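So the structure is just underneath, and the comments pick up after that.
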Amino acid sequence: MRRVLVTGGAGFIGSNFVHHWCGSYPDDRVIVVDALTYAGNRNNLAAWEGKENFRFVKGDICDRSLLDDLLGGENIDTIVHFAAESHVDRSILTPGAFIQTNVVGTFTLLEAFRQHWLSRNQPDNYRFLHVSTDEVYGSLSADAPAFCETTPYAPNSPYSASKAGSDHLVRAYYHTYNLPTIITNCSNNYGPYQFPEKLIPLMCINILIGKSLPVYGDGCNIRDWLYVGDHCRALDVVLSKGLPGENYNIGGNNEVKNIDIVRTLCDLMDELAENLPVSPSQNLITFVTDRPGHDRRYAINSSKIQNQLGWSPSVTITEGLRQTVIWYLNHRQWWEPLLSEEYQAYYRQNYRVATLS
Ligand code: NAD
Ligand code: DAU
């Protein structure tokens with residue numbers, strides 16, 4: 001039985017992970033610590049609130065005394081660290097928050113966990129799983145081989161630089177203190193509970209409300225898409241079989257151009273939604289000014305986790321996109337409140353438009 005602290009568990013991947021973990025291991029104790037920033041949503045965890053083995057704590061990973069209380073008081077043996085500022089466009093507008101949470105927050109968490117681990121005489125079964133991104137590796141040209149675990153880091157945005165900084169700290173704590181840390185670097189996730197600012201939910205929601213679909217640059221940037229449930233299964237496998245000091249790449253083997261993702265979402269919405277404000281939805285596609293420093297292509301070589309730990313993705317992009325479109329169609333009450341005044345202000349600033357139009 002594990003006693004797991006999930007940081008950022010009210011966000012997109014964190015809440016999917018809590019659903020996976022609490023559903024798979026009902027005897028484990030799961031504590032979520034989440035600051036509930038704009039991206040955190042306690043409703044994502046409603047299914048587990050009030051359950052004996054689940055506890056939600058609103059708090060900041062930069063708060064050392066809170067972390068000390070939680071680690072000691074709950075006798076935590078496993079940290080799964082999702083908490084982060086995660087959106088590249090916001091990191092371009094407001095980088096400071098990314099340094100604070102992603103770098104200082106991860107450092108604070110490492111220090112707290114190190115003290116806790118030492119106080120318990122360095123148990124072998126303790127784990128600090130740091131959930132990171134493929135963006136730390138930078139940008140690939142069209143014919144370059146996919147990122148593997150030995151690809152040198154070359155982050156290009158304040159977001160990816162802050163994640164790279166946190167990865168280096170996590171690595172250093174293993175090498176310097178033998179702290180049992182593991183790093184995973186995953187490609188683009190999609191699925192239920194993803195905040196509206198990211199490509200796939202943004203396009204789904206804008207189609208449903210009849211707003212333009214802003215495609216950056218020529219739309220030919222490539223991402224390697226992974227269904228979020230497959231990511232959660234990979235993290236589970238890493239926790240049970242992964243080795244401290246190792247890093248594991250996780251990817252979907254699904255390289256798709258952005259414009260093709262957007263066109264597919266339009267077609268799915270045209271097929272599945274009733275009374276769309278604009279039809280066919282592809283009429284809403286608008287090419288807009290490119291993201292500064294926009295990485296051209298990501299692709300993940302996940303043969304290490306496949307061969308050593310026996311994980312592989314199970315959801316095809318065709319099936320995953322269909323399920324995701326159906327989820328956003330059926331969960332208007334989840335996403336409508338997220339289109340808040342704060343979100344509109346961010347949207348206007350990022351897309352340089354007068355309204356969400
Ligand atoms: P998200 O933005 O949806 O969720 C982040 C969560 O962290 C939110 O609930 C937020 O309230 C919380 N948080 C932010 N700052 C905090 C702080 N100081 N203290 C406590 N909680 C705080 O992010 P996501 O997409 O679910 O990503 C989760 C993690 O996975 C991140 O570390 C991200 O870098 C990594 N990742 C994401 C993807 C992806 O495609 N989304 C891919 C690979 C890796
Ligand atoms: O690769 C993993 C990363 O994937 C994670 O580490 C990040 O947390 C996550 O946000 C994601 O980063 P991206 O920048 O790749 O995701 P995003 O959904 O913002 O954009 C995906 C692609 O779509 C990217 O090439 C930019 C483009 N895009 C995005 C938005 C929001 C558009 O063309 N228009 C848009 O409005």
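In the structure tokens, the first chain shown is A, the next is B, and so on; residue numbers restart at 1 for each chain, and ligands run from 1 in the order shown.
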
Site check for ligand 2: residues at most 8 Å away, only C-alpha atoms and all ligand atoms, as a PyMOL selection string: chain A and resi 85-89+132-135+159-160+186-189+197-200+202-203+213-217+219+221-224+258-259+290-291+294-298+351

For the contact check between chain A and ligand 1, emit one row per residue of chain A within 7 Å, containing the shortest atom pair and the distance in Å rounded to one decimal, counting only C-alpha atoms and all ligand atoms, chain then rising number order, as CSV.
```
residue,atom,partner,partner_atom_place_in_ligand_line,distance
A:Thr7,CA,ligand 1,21 (N),6.0
A:Gly8,CA,ligand 1,7 (O),3.5
A:Gly9,CA,ligand 1,9 (O),5.7
A:Ala10,CA,ligand 1,9 (O),4.1
A:Gly11,CA,ligand 1,9 (O),3.2
A:Phe12,CA,ligand 1,26 (O),3.7
A:Ile13,CA,ligand 1,26 (O),3.7
A:Gly14,CA,ligand 1,26 (O),5.4
A:Val33,CA,ligand 1,20 (C),6.1
A:Asp34,CA,ligand 1,21 (N),3.7
A:Ala35,CA,ligand 1,21 (N),4.0
A:Leu36,CA,ligand 1,11 (O),3.7
A:Thr37,CA,ligand 1,11 (O),4.0
A:Tyr38,CA,ligand 1,11 (O),6.4
A:Ala39,CA,ligand 1,8 (C),4.7
A:Gly40,CA,ligand 1,9 (O),3.2
A:Asn41,CA,ligand 1,9 (O),6.3
A:Gly59,CA,ligand 1,20 (C),5.8
A:Asp60,CA,ligand 1,19 (N),3.5
A:Ile61,CA,ligand 1,19 (N),4.1
A:Cys62,CA,ligand 1,18 (N),5.9
A:His81,CA,ligand 1,32 (O),6.9
A:Phe82,CA,ligand 1,29 (C),4.0
A:Ala83,CA,ligand 1,7 (O),3.6
A:Ala84,CA,ligand 1,14 (C),4.5
A:Glu85,CA,ligand 1,14 (C),5.2
A:Ser86,CA,ligand 1,2 (O),4.6
A:His87,CA,ligand 1,2 (O),6.6
A:Thr101,CA,ligand 1,18 (N),4.5
A:Gly105,CA,ligand 1,18 (N),6.1
A:Val131,CA,ligand 1,30 (O),5.3
A:Ser132,CA,ligand 1,44 (C),4.6
A:Thr133,CA,ligand 1,44 (C),3.9
A:Asp134,CA,ligand 1,43 (C),6.5
A:Lys163,CA,ligand 1,34 (O),6.5
A:Asn185,CA,ligand 1,43 (C),6.3
A:Cys186,CA,ligand 1,43 (C),4.3
A:Ser187,CA,ligand 1,42 (C),5.1
A:Asn188,CA,ligand 1,40 (O),3.6
A:Asn189,CA,ligand 1,40 (O),3.8
A:Tyr190,CA,ligand 1,40 (O),6.6
A:Gln194,CA,ligand 1,3 (O),6.1
A:Phe195,CA,ligand 1,3 (O),6.0
```

Set the distance at 8 Å and use only C-alpha atoms: which residues neighbour region 299-314 of chain A once local chain neighbours fewer than 5 positions away are removed? I'd like the list as an MDAnalysis selection string.
chainID A and resid 134 140 145:148 186:187 223:224 226 230:231 233:234 237:238 241:242 248:253 255

Prev. selection, N, CA and C atoms, output as a short mmCIF file (atom, residue, chain, number, x, y, z; two decimals), in the first residue's frame:
```cif
data_model
loop_
_atom_site.label_atom_id
_atom_site.label_comp_id
_atom_site.auth_asym_id
_atom_site.auth_seq_id
_atom_site.Cartn_x
_atom_site.Cartn_y
_atom_site.Cartn_z
N ASP A 134 8.54 16.69 -23.29
CA ASP A 134 9.50 16.55 -24.40
C ASP A 134 10.04 17.91 -24.86
N LEU A 140 12.74 19.80 -33.54
CA LEU A 140 13.31 18.87 -34.53
C LEU A 140 13.06 19.39 -35.95
N PRO A 145 15.87 12.35 -36.29
CA PRO A 145 15.32 11.25 -35.48
C PRO A 145 14.60 11.79 -34.24
N ALA A 146 13.64 11.00 -33.76
CA ALA A 146 12.84 11.41 -32.60
C ALA A 146 13.73 11.56 -31.36
N PHE A 147 13.25 12.36 -30.40
CA PHE A 147 13.97 12.56 -29.14
C PHE A 147 14.12 11.23 -28.40
N CYS A 148 15.35 10.93 -27.95
CA CYS A 148 15.50 9.81 -27.03
C CYS A 148 16.06 10.35 -25.71
N CYS A 186 7.27 13.55 -21.44
CA CYS A 186 6.15 13.09 -22.25
C CYS A 186 5.81 14.10 -23.35
N SER A 187 5.22 13.58 -24.40
CA SER A 187 4.77 14.42 -25.51
C SER A 187 3.39 15.01 -25.21
N ARG A 223 3.23 17.92 -33.65
CA ARG A 223 3.28 17.44 -32.28
C ARG A 223 3.01 15.93 -32.28
N ASP A 224 3.49 15.26 -31.24
CA ASP A 224 3.34 13.80 -31.12
C ASP A 224 2.30 13.56 -30.03
N LEU A 226 -0.54 12.10 -27.46
CA LEU A 226 -0.76 10.92 -26.61
C LEU A 226 -2.04 11.12 -25.79
N ASP A 230 -3.31 7.02 -21.51
CA ASP A 230 -2.10 6.25 -21.78
C ASP A 230 -0.91 6.82 -21.01
N HIS A 231 -0.86 8.15 -20.86
CA HIS A 231 0.21 8.76 -20.05
C HIS A 231 0.10 8.29 -18.60
N ARG A 233 -1.19 5.55 -17.42
CA ARG A 233 -0.74 4.16 -17.31
C ARG A 233 0.78 4.07 -17.36
N ALA A 234 1.39 4.92 -18.17
CA ALA A 234 2.86 4.92 -18.24
C ALA A 234 3.46 5.33 -16.90
N VAL A 237 3.32 2.46 -14.51
CA VAL A 237 4.36 1.45 -14.80
C VAL A 237 5.73 1.95 -14.32
N VAL A 238 6.00 3.24 -14.51
CA VAL A 238 7.28 3.78 -14.06
C VAL A 238 7.38 3.71 -12.53
N LYS A 241 7.89 -0.17 -11.80
CA LYS A 241 9.05 -0.91 -12.33
C LYS A 241 10.25 -0.02 -12.68
N GLY A 242 10.06 1.31 -12.70
CA GLY A 242 11.16 2.19 -13.12
C GLY A 242 12.26 2.27 -12.07
N TYR A 248 12.64 8.44 -18.47
CA TYR A 248 11.90 7.67 -19.47
C TYR A 248 11.10 8.60 -20.36
N ASN A 249 11.28 8.47 -21.66
CA ASN A 249 10.46 9.22 -22.61
C ASN A 249 9.14 8.48 -22.84
N ILE A 250 8.07 9.26 -22.94
CA ILE A 250 6.72 8.70 -23.15
C ILE A 250 6.09 9.43 -24.33
N GLY A 251 5.68 8.69 -25.35
CA GLY A 251 5.09 9.34 -26.53
C GLY A 251 4.05 8.46 -27.18
N GLY A 252 3.27 9.08 -28.05
CA GLY A 252 2.16 8.36 -28.66
C GLY A 252 2.48 7.77 -30.01
N ASN A 253 3.66 8.13 -30.57
CA ASN A 253 3.99 7.69 -31.92
C ASN A 253 2.92 8.17 -32.90
N GLU A 255 2.64 11.49 -34.85
CA GLU A 255 3.05 12.83 -35.30
C GLU A 255 2.01 13.38 -36.26
#
```

Pull the alpha helix (DSSP H) assignments for region 150-181 of chain A out of DSSP run on the backbone, and list those residues as a PyMOL selection string.
chain A and resi 158-177

Could the residues in this selection be written to a file with C-alpha atoms, as a PDB file, in the first residue's frame?
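Output (out-v9.pdb):
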```
ATOM      1  CA  PRO A 158      10.442  30.233 -20.861  1.00  0.00           C
ATOM      2  CA  TYR A 159       8.119  27.289 -20.109  1.00  0.00           C
ATOM      3  CA  SER A 160      10.460  24.632 -21.474  1.00  0.00           C
ATOM      4  CA  ALA A 161      13.511  26.353 -19.943  1.00  0.00           C
ATOM      5  CA  SER A 162      11.828  26.298 -16.532  1.00  0.00           C
ATOM      6  CA  LYS A 163      10.942  22.612 -16.952  1.00  0.00           C
ATOM      7  CA  ALA A 164      14.521  21.874 -18.041  1.00  0.00           C
ATOM      8  CA  GLY A 165      15.777  23.671 -14.919  1.00  0.00           C
ATOM      9  CA  SER A 166      13.508  21.561 -12.729  1.00  0.00           C
ATOM     10  CA  ASP A 167      14.621  18.354 -14.497  1.00  0.00           C
ATOM     11  CA  HIS A 168      18.264  19.232 -13.795  1.00  0.00           C
ATOM     12  CA  LEU A 169      17.518  19.774 -10.105  1.00  0.00           C
ATOM     13  CA  VAL A 170      15.693  16.440  -9.867  1.00  0.00           C
ATOM     14  CA  ARG A 171      18.592  14.679 -11.593  1.00  0.00           C
ATOM     15  CA  ALA A 172      21.110  16.378  -9.294  1.00  0.00           C
ATOM     16  CA  TYR A 173      19.243  15.251  -6.165  1.00  0.00           C
ATOM     17  CA  TYR A 174      19.639  11.643  -7.270  1.00  0.00           C
ATOM     18  CA  HIS A 175      23.325  11.991  -8.082  1.00  0.00           C
ATOM     19  CA  THR A 176      24.241  14.102  -5.052  1.00  0.00           C
ATOM     20  CA  TYR A 177      22.003  12.713  -2.309  1.00  0.00           C
TER      21      TYR A 177
END
```

Please list as a PyMOL selection string every residue within 12 Å of Gly72 (chain A), counting only C-alpha atoms and excluding residues in the same chain fewer than 6 positions away. chain A and resi 3+5+65-66+112-120

Just how far from CA of Arg55 (chain A) is CA of Asn43 (chain A), in Å to one decimal?
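Atom-to-atom, CA of Asn43 (chain A) and CA of Arg55 (chain A) are spaced 13.7 Å apart.
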
What is the distance, in Å and to one decimal place, between CA of Thr264 (chain A) and CA of Leu321 (chain A)?
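Going from CA of Thr264 (chain A) over to CA of Leu321 (chain A), I get 8.2 Å.
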
key: Arg263 (chain A) environment, 9 Å, only C-alpha atoms, sequence neighbours closer than 4 positions dropped, as a list in words   =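 Result of the neighbour search: Asn258, Ile259, Asp267, Leu268, Ser281, Gln282 and Ile285 of chain A.
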
Legend entry - All strand (DSSP E) positions in region 255-320 of chain A, as number ranges by chain: A: 255-257, 285-288

From CA of His19 (chain A) to CA of Ser240 (chain A) the spacing works out at 17.4 Å
